[in-house]
Amino acid sequence: MDIILGATGQIGSMLVDNLIKRGQSVRAVVRNGSKAERLRSKGVEVSIADYFDVEALKKAFQGGSSAFLLTPENPESQDFISETKTILNNYREAILASGITKIVGLSSNGAQHESGTGNLMASYMLEHAFSDLEIEQVFVRPSYYFSNWLGYLELIKEHGILPTFFPPEMKVPMIAPSDVAEFLSEVIVCKIPKERIYEITGPHAYSSLDIAKIFGEVLNRNVILQQVLPEEWESTLIQTGFSKDGAKNLALMTKAVIEGKTKNEISNPVYFSTDFESYLKNFI
């Protein structure tokens, strides 16, 4: 049985669907019980467990052979790194108590850096949390998600403005979340050669100017790029609901991307074919 955390999230929900299509036995672990019914309607076994409740996690992992793990983001956290440590320790205890023999972790490009990368530090911590355990461990590092741009969709539709924290012409590797979920399902069912680390990306790197142009073409309207300067990052994020700690960590992550710390560490990343234009048209 595959134990899938974050089963109602963007990647997790698609991963559950992919595994069901492949005939896998799946137990979806969700934190919010109100979201469980949609999964049960698909015939998926559901376990309710908050990641800070180690006993609930132990119960959710019982009977599983593999577990899909992630480090959930929390923009309102007052101490994101400390919370991540607690969650990973709880995962570890649940794994040891359950007999799980394989973990697949959703990491990120840039996970090779131990410090100074804000939210990306959680991926480093995930990749090293179980290094002394004699179980199979695979970590998948996607590039920047296309979906990160979708939060601006209404602003673009109404006002023709696309904000960006990146320098306008700086190109960043990006990927469709659906391709991430597809690759994860292949890793879980062992359809690809075994590696400990995989880095995956889409067919092109895009600049913010490229993204603005594609939005304009798909929506048939003029789109103006609006760069948010580094000295404005944290205050802008706090105005949108981030805690001070959440804003600091996202700012540090953005700085890491700009400084090139999220470039591929391995020489043979896996490429997927979905481009941003196709992704956006399918979403809209």
# chains A, B, ... in the order shown; residues from 1 in each chain; ligands from 1
call {"tool": "residues_around", "arguments": {"residues": "Glu76 (chain A)", "least_positions_apart": "2", "cutoff": "9 Å", "atoms": "only C-alpha atoms", "output": "ChimeraX atom specification"}}
result
/A:74,78,80,241-247
call {"tool": "write_last_selection", "arguments": {"atoms": "C-alpha atoms", "output": "PDB file, in the first residue's frame"}}
result
ATOM      1  CA  ASN A  74       2.959  27.658   5.817  1.00  0.00           C
ATOM      2  CA  GLN A  78       6.080  32.060  13.123  1.00  0.00           C
ATOM      3  CA  PHE A  80       8.947  27.592   9.719  1.00  0.00           C
ATOM      4  CA  GLY A 241      -0.852  37.886   4.707  1.00  0.00           C
ATOM      5  CA  PHE A 242       2.574  36.374   5.276  1.00  0.00           C
ATOM      6  CA  SER A 243       3.993  36.324   8.779  1.00  0.00           C
ATOM      7  CA  LYS A 244       7.326  38.073   9.334  1.00  0.00           C
ATOM      8  CA  ASP A 245       9.053  34.670   9.370  1.00  0.00           C
ATOM      9  CA  GLY A 246       7.173  33.515   6.265  1.00  0.00           C
ATOM     10  CA  ALA A 247       8.107  36.685   4.366  1.00  0.00           C
TER      11      ALA A 247
END
call {"tool": "closest_atom_pairs", "arguments": {"of": "region 140-231 of chain A", "to": "region 98-104 of chain A", "cutoff": "12 Å", "atoms": "only C-alpha atoms", "output": "CSV"}}
result
residue,atom,partner,partner_atom,distance
A:Val140,CA,A:Val104,CA,7.5
A:Arg141,CA,A:Val104,CA,11.0
A:Ala181,CA,A:Val104,CA,11.8
A:Phe183,CA,A:Val104,CA,11.1
A:Leu184,CA,A:Val104,CA,7.8
A:Ser185,CA,A:Val104,CA,9.7
A:Glu186,CA,A:Val104,CA,10.8
A:Val187,CA,A:Val104,CA,7.6
A:Ile188,CA,A:Val104,CA,6.9
A:Val189,CA,A:Val104,CA,10.6
A:Cys190,CA,A:Lys102,CA,10.8
A:Lys194,CA,A:Val104,CA,11.5
A:Glu195,CA,A:Val104,CA,11.1
A:Arg196,CA,A:Val104,CA,9.4
A:Ile197,CA,A:Val104,CA,10.0
A:Tyr198,CA,A:Val104,CA,10.8
call {"tool": "write_last_selection", "arguments": {"atoms": "N, CA and C atoms", "output": "PDB file, in the first residue's frame"}}
result
ATOM      1  N   VAL A 140      12.764  13.711  -5.201  1.00  0.00           N
ATOM      2  CA  VAL A 140      12.526  14.323  -6.504  1.00  0.00           C
ATOM      3  C   VAL A 140      12.581  15.839  -6.350  1.00  0.00           C
ATOM      4  N   ARG A 141      13.451  16.470  -7.132  1.00  0.00           N
ATOM      5  CA  ARG A 141      13.633  17.916  -7.083  1.00  0.00           C
ATOM      6  C   ARG A 141      13.074  18.568  -8.347  1.00  0.00           C
ATOM      7  N   ALA A 181       3.720  15.232 -10.751  1.00  0.00           N
ATOM      8  CA  ALA A 181       2.910  14.146 -10.203  1.00  0.00           C
ATOM      9  C   ALA A 181       3.070  12.864 -11.017  1.00  0.00           C
ATOM     10  N   PHE A 183       5.741  11.953 -12.744  1.00  0.00           N
ATOM     11  CA  PHE A 183       7.060  11.387 -12.463  1.00  0.00           C
ATOM     12  C   PHE A 183       7.078  10.715 -11.096  1.00  0.00           C
ATOM     13  N   LEU A 184       6.460  11.347 -10.106  1.00  0.00           N
ATOM     14  CA  LEU A 184       6.406  10.751  -8.772  1.00  0.00           C
ATOM     15  C   LEU A 184       5.703   9.399  -8.792  1.00  0.00           C
ATOM     16  N   SER A 185       4.631   9.293  -9.564  1.00  0.00           N
ATOM     17  CA  SER A 185       3.920   8.014  -9.630  1.00  0.00           C
ATOM     18  C   SER A 185       4.803   6.940 -10.259  1.00  0.00           C
ATOM     19  N   GLU A 186       5.626   7.317 -11.244  1.00  0.00           N
ATOM     20  CA  GLU A 186       6.542   6.360 -11.860  1.00  0.00           C
ATOM     21  C   GLU A 186       7.612   5.907 -10.861  1.00  0.00           C
ATOM     22  N   VAL A 187       8.079   6.849 -10.042  1.00  0.00           N
ATOM     23  CA  VAL A 187       9.073   6.492  -9.026  1.00  0.00           C
ATOM     24  C   VAL A 187       8.479   5.529  -8.001  1.00  0.00           C
ATOM     25  N   ILE A 188       7.253   5.813  -7.579  1.00  0.00           N
ATOM     26  CA  ILE A 188       6.626   4.986  -6.549  1.00  0.00           C
ATOM     27  C   ILE A 188       6.392   3.557  -7.029  1.00  0.00           C
ATOM     28  N   VAL A 189       5.981   3.411  -8.288  1.00  0.00           N
ATOM     29  CA  VAL A 189       5.712   2.061  -8.803  1.00  0.00           C
ATOM     30  C   VAL A 189       6.938   1.441  -9.474  1.00  0.00           C
ATOM     31  N   CYS A 190       8.097   2.120  -9.356  1.00  0.00           N
ATOM     32  CA  CYS A 190       9.375   1.569  -9.837  1.00  0.00           C
ATOM     33  C   CYS A 190       9.406   1.337 -11.338  1.00  0.00           C
ATOM     34  N   LYS A 194      16.505   3.182 -10.636  1.00  0.00           N
ATOM     35  CA  LYS A 194      16.584   3.716  -9.274  1.00  0.00           C
ATOM     36  C   LYS A 194      17.751   4.684  -9.119  1.00  0.00           C
ATOM     37  N   GLU A 195      17.454   5.855  -8.639  1.00  0.00           N
ATOM     38  CA  GLU A 195      18.454   6.829  -8.213  1.00  0.00           C
ATOM     39  C   GLU A 195      17.997   7.374  -6.862  1.00  0.00           C
ATOM     40  N   ARG A 196      18.904   7.987  -6.108  1.00  0.00           N
ATOM     41  CA  ARG A 196      18.485   8.605  -4.855  1.00  0.00           C
ATOM     42  C   ARG A 196      17.913   9.998  -5.097  1.00  0.00           C
ATOM     43  N   ILE A 197      18.487  10.717  -6.048  1.00  0.00           N
ATOM     44  CA  ILE A 197      18.056  12.079  -6.357  1.00  0.00           C
ATOM     45  C   ILE A 197      17.702  12.178  -7.835  1.00  0.00           C
ATOM     46  N   TYR A 198      16.534  12.718  -8.122  1.00  0.00           N
ATOM     47  CA  TYR A 198      16.164  13.077  -9.493  1.00  0.00           C
ATOM     48  C   TYR A 198      15.867  14.575  -9.537  1.00  0.00           C
TER      49      TYR A 198
END
call {"tool": "select_by_dssp", "arguments": {"residues": "region 131-211 of chain A", "states": "strand (DSSP E)", "output": "PyMOL selection string"}}
result
chain A and resi 136-142+144-145+161-164+172-175+197-201+205-206
call {"tool": "write_last_selection", "arguments": {"atoms": "C-alpha atoms", "output": "compact mmCIF listing (two decimals), in the first residue's frame"}}
result
# COMPACT_ATOMS: atom_id res chain seq x y z
CA GLU A 136 14.95 2.82 0.08
CA GLN A 137 14.92 6.61 -0.28
CA VAL A 138 14.20 8.64 -3.40
CA PHE A 139 13.94 12.43 -3.55
CA VAL A 140 12.53 14.32 -6.50
CA ARG A 141 13.63 17.92 -7.08
CA PRO A 142 11.33 19.81 -9.45
CA TYR A 144 9.92 26.27 -10.38
CA TYR A 145 6.22 25.40 -10.76
CA ILE A 161 -0.35 43.67 -14.53
CA LEU A 162 2.00 40.77 -13.74
CA PRO A 163 4.17 41.30 -10.63
CA THR A 164 7.51 39.52 -10.37
CA VAL A 172 14.35 30.24 -14.66
CA PRO A 173 13.74 26.51 -15.36
CA MET A 174 10.06 25.70 -14.80
CA ILE A 175 7.75 22.68 -14.86
CA ILE A 197 18.06 12.08 -6.36
CA TYR A 198 16.16 13.08 -9.49
CA GLU A 199 16.00 16.64 -10.80
CA ILE A 200 13.10 17.28 -13.18
CA THR A 201 12.13 20.26 -15.32
CA ALA A 205 13.57 28.11 -18.99
CA TYR A 206 11.42 31.25 -18.93
call {"tool": "closest_residue", "arguments": {"among": "A:Lys263, A:Lys255, A:Met125, A:Gly216", "to": "Leu106 (chain A)", "atoms": "only C-alpha atoms"}}
result
A:Met125
call {"tool": "closest_residue", "arguments": {"among": "A:Lys281, A:Ala97, A:Lys248, A:Lys85", "to": "His128 (chain A)", "atoms": "only C-alpha atoms"}}
result
A:Lys85
call {"tool": "select_by_dssp", "arguments": {"residues": "region 10-191 of chain A", "states": "helix (DSSP H, G or I)", "output": "ChimeraX atom specification"}}
result
/A:10-21,33-40,54-61,80-98,118-128,146-159,177-188
call {"tool": "residues_around", "arguments": {"residues": "region 54-70 of chain A", "least_positions_apart": "6", "cutoff": "9 Å", "atoms": "only C-alpha atoms", "output": "NGL selection string"}}
result
:A and (1-6 or 12 or 26-29 or 46-48 or 87 or 89-91 or 93-107 or 123 or 126 or 184 or 188)
call {"tool": "closest_residue", "arguments": {"among": "A:Ala7, A:Ile20, A:Ala129, A:Val180", "to": "Ser108 (chain A)", "atoms": "only C-alpha atoms"}}
result
A:Val180
call {"tool": "closest_residue", "arguments": {"among": "A:Gly43, A:Pro167, A:Gly23, A:Pro75", "to": "Glu234 (chain A)", "atoms": "only C-alpha atoms"}}
result
A:Pro75
call {"tool": "closest_residue", "arguments": {"among": "A:Ser82, A:Asn32, A:Ser278, A:Ser115", "to": "Thr8 (chain A)", "atoms": "only C-alpha atoms"}}
result
A:Asn32
call {"tool": "residues_around", "arguments": {"residues": "region 256-262 of chain A", "least_positions_apart": "5", "cutoff": "10 Å", "atoms": "only C-alpha atoms", "output": "list in words"}}
result
Ser108, Asn109, Gly110, Ala111, Gln112, His113, Gly116, Thr117, Gly118, Leu120, Arg141, Ser143, Tyr144, Phe165, Phe166, Pro167, Met170, Lys171, Val172, Pro173, Leu250 and Ala251 of chain A
call {"tool": "closest_residue", "arguments": {"among": "A:Val30, A:Asp132, A:Glu158, A:Leu15", "to": "Arg221 (chain A)", "atoms": "only C-alpha atoms"}}
result
A:Glu158
call {"tool": "atom_distance", "arguments": {"atom1": "CA of Leu19 (chain A)", "atom2": "CA of Ala36 (chain A)"}}
result
17.2 Å
call {"tool": "atom_distance", "arguments": {"atom1": "CA of Gly160 (chain A)", "atom2": "CA of Gln10 (chain A)"}}
result
26.1 Å
call {"tool": "residues_around", "arguments": {"residues": "Leu153 (chain A)", "least_positions_apart": "4", "cutoff": "12 Å", "atoms": "only C-alpha atoms", "output": "ChimeraX atom specification"}}
result
/A:147-149,157-163,211-212,215-216,218-219,223,280,283-284
call {"tool": "write_last_selection", "arguments": {"atoms": "all heavy atoms", "output": "compact mmCIF listing (two decimals), in the first residue's frame"}}
result
# COMPACT_ATOMS: atom_id res chain seq x y z
N SER A 147 2.53 26.80 -11.83
CA SER A 147 1.35 27.21 -11.06
C SER A 147 1.64 28.40 -10.14
O SER A 147 0.70 29.07 -9.68
CB SER A 147 0.82 26.04 -10.22
OG SER A 147 1.87 25.49 -9.43
N ASN A 148 2.92 28.68 -9.86
CA ASN A 148 3.23 29.84 -9.02
C ASN A 148 2.78 31.15 -9.64
O ASN A 148 2.60 32.14 -8.94
CB ASN A 148 4.75 29.89 -8.75
CG ASN A 148 5.23 28.79 -7.84
OD1 ASN A 148 4.46 28.25 -7.05
ND2 ASN A 148 6.50 28.44 -7.93
N TRP A 149 2.60 31.15 -10.96
CA TRP A 149 2.16 32.37 -11.64
C TRP A 149 0.65 32.55 -11.61
O TRP A 149 0.15 33.64 -11.89
CB TRP A 149 2.63 32.36 -13.10
CG TRP A 149 4.11 32.33 -13.25
CD1 TRP A 149 4.90 31.25 -13.55
CD2 TRP A 149 5.02 33.45 -13.10
NE1 TRP A 149 6.23 31.61 -13.59
CE2 TRP A 149 6.33 32.96 -13.33
CE3 TRP A 149 4.83 34.81 -12.81
CZ2 TRP A 149 7.45 33.78 -13.26
CZ3 TRP A 149 5.95 35.62 -12.75
CH2 TRP A 149 7.25 35.11 -12.97
N LYS A 157 -6.07 39.61 -15.58
CA LYS A 157 -7.33 39.76 -16.32
C LYS A 157 -7.94 41.15 -16.12
O LYS A 157 -8.44 41.77 -17.07
CB LYS A 157 -8.32 38.69 -15.88
CG LYS A 157 -8.01 37.29 -16.38
CD LYS A 157 -9.07 36.30 -15.88
CE LYS A 157 -8.84 34.90 -16.43
NZ LYS A 157 -9.85 33.94 -15.94
N GLU A 158 -7.90 41.64 -14.87
CA GLU A 158 -8.58 42.90 -14.56
C GLU A 158 -7.75 44.13 -14.88
O GLU A 158 -8.28 45.14 -15.35
CB GLU A 158 -8.97 42.92 -13.07
CG GLU A 158 -10.04 41.90 -12.71
CD GLU A 158 -10.43 41.99 -11.24
OE1 GLU A 158 -10.16 43.03 -10.61
OE2 GLU A 158 -10.99 40.99 -10.72
N HIS A 159 -6.43 44.03 -14.64
CA HIS A 159 -5.61 45.24 -14.77
C HIS A 159 -4.43 45.10 -15.73
O HIS A 159 -3.73 46.08 -15.97
CB HIS A 159 -5.08 45.64 -13.39
CG HIS A 159 -6.16 45.90 -12.38
ND1 HIS A 159 -6.98 47.02 -12.43
CD2 HIS A 159 -6.56 45.17 -11.31
CE1 HIS A 159 -7.83 46.98 -11.42
NE2 HIS A 159 -7.61 45.86 -10.73
N GLY A 160 -4.19 43.91 -16.25
CA GLY A 160 -3.09 43.74 -17.19
C GLY A 160 -1.73 43.88 -16.55
O GLY A 160 -0.77 44.29 -17.22
N ILE A 161 -1.61 43.52 -15.26
CA ILE A 161 -0.35 43.67 -14.53
C ILE A 161 0.11 42.31 -14.02
O ILE A 161 -0.66 41.56 -13.42
CB ILE A 161 -0.50 44.63 -13.34
CG1 ILE A 161 -0.82 46.04 -13.83
CG2 ILE A 161 0.77 44.65 -12.49
CD1 ILE A 161 -1.17 47.00 -12.71
N LEU A 162 1.38 41.99 -14.27
CA LEU A 162 2.00 40.77 -13.74
C LEU A 162 3.17 41.16 -12.84
O LEU A 162 4.21 41.60 -13.33
CB LEU A 162 2.50 39.87 -14.86
CG LEU A 162 3.29 38.63 -14.41
CD1 LEU A 162 2.42 37.70 -13.57
CD2 LEU A 162 3.88 37.88 -15.60
N PRO A 163 3.03 41.02 -11.52
CA PRO A 163 4.17 41.30 -10.63
C PRO A 163 5.21 40.18 -10.71
O PRO A 163 4.88 39.03 -10.98
CB PRO A 163 3.53 41.34 -9.24
CG PRO A 163 2.05 41.44 -9.48
CD PRO A 163 1.80 40.74 -10.78
N ILE A 211 6.92 35.01 -19.54
CA ILE A 211 5.66 34.63 -18.92
C ILE A 211 4.60 35.69 -19.17
O ILE A 211 3.45 35.38 -19.51
CB ILE A 211 5.85 34.41 -17.40
CG1 ILE A 211 6.80 33.22 -17.14
CG2 ILE A 211 4.50 34.18 -16.72
CD1 ILE A 211 6.30 31.88 -17.60
N ALA A 212 4.97 36.96 -19.05
CA ALA A 212 4.02 38.06 -19.32
C ALA A 212 3.54 38.02 -20.76
O ALA A 212 2.34 38.22 -21.03
CB ALA A 212 4.69 39.40 -19.01
N PHE A 215 1.05 35.11 -21.14
CA PHE A 215 -0.24 35.51 -20.57
C PHE A 215 -0.99 36.42 -21.53
O PHE A 215 -2.20 36.26 -21.75
CB PHE A 215 -0.04 36.23 -19.23
CG PHE A 215 -0.09 35.36 -18.01
CD1 PHE A 215 1.03 35.21 -17.21
CD2 PHE A 215 -1.26 34.69 -17.66
CE1 PHE A 215 0.98 34.40 -16.07
CE2 PHE A 215 -1.32 33.89 -16.54
CZ PHE A 215 -0.19 33.74 -15.73
N GLY A 216 -0.28 37.39 -22.10
CA GLY A 216 -0.92 38.33 -23.02
C GLY A 216 -1.47 37.65 -24.25
O GLY A 216 -2.59 37.94 -24.69
N VAL A 218 -2.31 34.40 -24.60
CA VAL A 218 -3.39 33.47 -24.28
C VAL A 218 -4.67 34.22 -23.89
O VAL A 218 -5.78 33.81 -24.26
CB VAL A 218 -2.95 32.51 -23.14
CG1 VAL A 218 -4.13 31.66 -22.66
CG2 VAL A 218 -1.82 31.61 -23.62
N LEU A 219 -4.52 35.32 -23.16
CA LEU A 219 -5.68 36.09 -22.69
C LEU A 219 -6.10 37.18 -23.67
O LEU A 219 -7.12 37.84 -23.46
CB LEU A 219 -5.38 36.72 -21.33
CG LEU A 219 -5.09 35.74 -20.18
CD1 LEU A 219 -4.66 36.50 -18.94
CD2 LEU A 219 -6.32 34.88 -19.89
N VAL A 223 -0.18 42.84 -21.35
CA VAL A 223 0.22 42.55 -19.98
C VAL A 223 1.54 43.26 -19.70
O VAL A 223 2.53 43.07 -20.42
CB VAL A 223 0.39 41.03 -19.75
CG1 VAL A 223 0.87 40.76 -18.33
CG2 VAL A 223 -0.93 40.31 -20.01
N LEU A 280 -1.10 26.87 -19.41
CA LEU A 280 -2.01 27.98 -19.14
C LEU A 280 -3.33 27.79 -19.89
O LEU A 280 -4.42 28.00 -19.31
CB LEU A 280 -1.35 29.30 -19.52
CG LEU A 280 -2.15 30.58 -19.20
CD1 LEU A 280 -2.45 30.67 -17.71
CD2 LEU A 280 -1.36 31.81 -19.67
N PHE A 283 -5.40 25.24 -18.14
CA PHE A 283 -5.93 25.71 -16.87
C PHE A 283 -7.12 26.63 -17.08
O PHE A 283 -8.11 26.55 -16.35
CB PHE A 283 -4.84 26.44 -16.08
CG PHE A 283 -5.31 26.96 -14.75
CD1 PHE A 283 -5.37 26.14 -13.64
CD2 PHE A 283 -5.73 28.29 -14.61
CE1 PHE A 283 -5.82 26.61 -12.42
CE2 PHE A 283 -6.18 28.76 -13.40
CZ PHE A 283 -6.23 27.93 -12.29
N ILE A 284 -6.99 27.52 -18.04
CA ILE A 284 -8.05 28.49 -18.28
C ILE A 284 -9.26 27.83 -18.95
O ILE A 284 -10.40 28.09 -18.61
CB ILE A 284 -7.53 29.66 -19.14
CG1 ILE A 284 -6.48 30.44 -18.35
CG2 ILE A 284 -8.66 30.58 -19.58
CD1 ILE A 284 -5.80 31.51 -19.15
call {"tool": "atom_distance", "arguments": {"atom1": "CA of Leu225 (chain A)", "atom2": "CA of Leu209 (chain A)"}}
result
6.8 Å
call {"tool": "decode", "arguments": {"residues": "region 224-235 of chain A", "atoms": "all heavy atoms", "output": "tab-separated table (two decimals), in the first residue's frame"}}
result
chain	number	residue	atom	x	y	z
A	224	ILE	N	1.55	44.07	-18.65
A	224	ILE	CA	2.73	44.82	-18.25
A	224	ILE	C	3.39	44.15	-17.06
A	224	ILE	O	2.72	43.82	-16.07
A	224	ILE	CB	2.36	46.27	-17.89
A	224	ILE	CG1	1.76	46.98	-19.11
A	224	ILE	CG2	3.58	47.04	-17.38
A	224	ILE	CD1	1.19	48.35	-18.78
A	225	LEU	N	4.71	43.93	-17.15
A	225	LEU	CA	5.45	43.34	-16.05
A	225	LEU	C	5.77	44.41	-15.02
A	225	LEU	O	6.19	45.52	-15.35
A	225	LEU	CB	6.74	42.73	-16.58
A	225	LEU	CG	7.48	41.77	-15.66
A	225	LEU	CD1	6.66	40.51	-15.41
A	225	LEU	CD2	8.84	41.40	-16.27
A	226	GLN	N	5.57	44.07	-13.75
A	226	GLN	CA	5.82	45.01	-12.65
A	226	GLN	C	6.80	44.34	-11.68
A	226	GLN	O	6.43	43.47	-10.91
A	226	GLN	CB	4.51	45.36	-11.95
A	226	GLN	CG	4.64	46.45	-10.90
A	226	GLN	CD	3.28	46.78	-10.29
A	226	GLN	OE1	2.77	46.04	-9.45
A	226	GLN	NE2	2.68	47.87	-10.73
A	227	GLN	N	8.06	44.76	-11.72
A	227	GLN	CA	9.07	44.16	-10.86
A	227	GLN	C	8.99	44.71	-9.45
A	227	GLN	O	8.95	45.92	-9.23
A	227	GLN	CB	10.48	44.40	-11.41
A	227	GLN	CG	11.56	43.69	-10.60
A	227	GLN	CD	12.96	43.98	-11.09
A	227	GLN	OE1	13.17	44.84	-11.95
A	227	GLN	NE2	13.94	43.25	-10.56
A	228	VAL	N	8.96	43.78	-8.48
A	228	VAL	CA	9.03	44.15	-7.06
A	228	VAL	C	10.50	44.07	-6.67
A	228	VAL	O	11.11	43.01	-6.76
A	228	VAL	CB	8.17	43.21	-6.19
A	228	VAL	CG1	8.23	43.64	-4.72
A	228	VAL	CG2	6.74	43.16	-6.68
A	229	LEU	N	11.07	45.17	-6.23
A	229	LEU	CA	12.50	45.24	-5.92
A	229	LEU	C	12.81	44.54	-4.59
A	229	LEU	O	11.94	44.43	-3.72
A	229	LEU	CB	12.96	46.69	-5.88
A	229	LEU	CG	12.80	47.45	-7.21
A	229	LEU	CD1	13.18	48.92	-7.03
A	229	LEU	CD2	13.63	46.81	-8.32
A	230	PRO	N	14.05	44.06	-4.43
A	230	PRO	CA	14.40	43.29	-3.23
A	230	PRO	C	14.07	43.99	-1.92
A	230	PRO	O	13.63	43.34	-0.97
A	230	PRO	CB	15.91	43.09	-3.39
A	230	PRO	CG	16.12	43.07	-4.87
A	230	PRO	CD	15.15	44.07	-5.42
A	231	GLU	N	14.27	45.29	-1.85
A	231	GLU	CA	13.99	46.00	-0.60
A	231	GLU	C	12.49	46.08	-0.29
A	231	GLU	O	12.10	46.43	0.82
A	231	GLU	CB	14.58	47.42	-0.66
A	231	GLU	CG	14.07	48.29	-1.79
A	231	GLU	CD	14.95	48.22	-3.04
A	231	GLU	OE1	15.66	47.19	-3.23
A	231	GLU	OE2	14.94	49.20	-3.80
A	232	GLU	N	11.66	45.68	-1.26
A	232	GLU	CA	10.21	45.71	-1.08
A	232	GLU	C	9.63	44.32	-0.85
A	232	GLU	O	8.44	44.18	-0.56
A	232	GLU	CB	9.54	46.33	-2.31
A	232	GLU	CG	10.00	47.74	-2.63
A	232	GLU	CD	9.51	48.20	-4.01
A	232	GLU	OE1	9.28	47.34	-4.89
A	232	GLU	OE2	9.36	49.41	-4.20
A	233	TRP	N	10.45	43.27	-0.98
A	233	TRP	CA	9.92	41.91	-0.95
A	233	TRP	C	9.18	41.61	0.35
A	233	TRP	O	8.01	41.21	0.32
A	233	TRP	CB	11.06	40.89	-1.10
A	233	TRP	CG	11.66	40.83	-2.46
A	233	TRP	CD1	11.19	41.41	-3.61
A	233	TRP	CD2	12.87	40.16	-2.82
A	233	TRP	NE1	12.03	41.14	-4.66
A	233	TRP	CE2	13.06	40.37	-4.21
A	233	TRP	CE3	13.80	39.40	-2.11
A	233	TRP	CZ2	14.16	39.84	-4.89
A	233	TRP	CZ3	14.89	38.87	-2.79
A	233	TRP	CH2	15.07	39.09	-4.17
A	234	GLU	N	9.85	41.78	1.48
A	234	GLU	CA	9.25	41.36	2.75
A	234	GLU	C	8.00	42.17	3.09
A	234	GLU	O	6.99	41.60	3.52
A	234	GLU	CB	10.28	41.44	3.88
A	234	GLU	CG	11.37	40.37	3.75
A	234	GLU	CD	12.22	40.24	5.00
A	234	GLU	OE1	11.67	40.43	6.11
A	234	GLU	OE2	13.43	39.94	4.88
A	235	SER	N	8.05	43.47	2.90
A	235	SER	CA	6.87	44.29	3.22
A	235	SER	C	5.71	43.96	2.32
A	235	SER	O	4.54	43.94	2.75
A	235	SER	CB	7.22	45.78	3.11
A	235	SER	OG	7.64	46.11	1.79
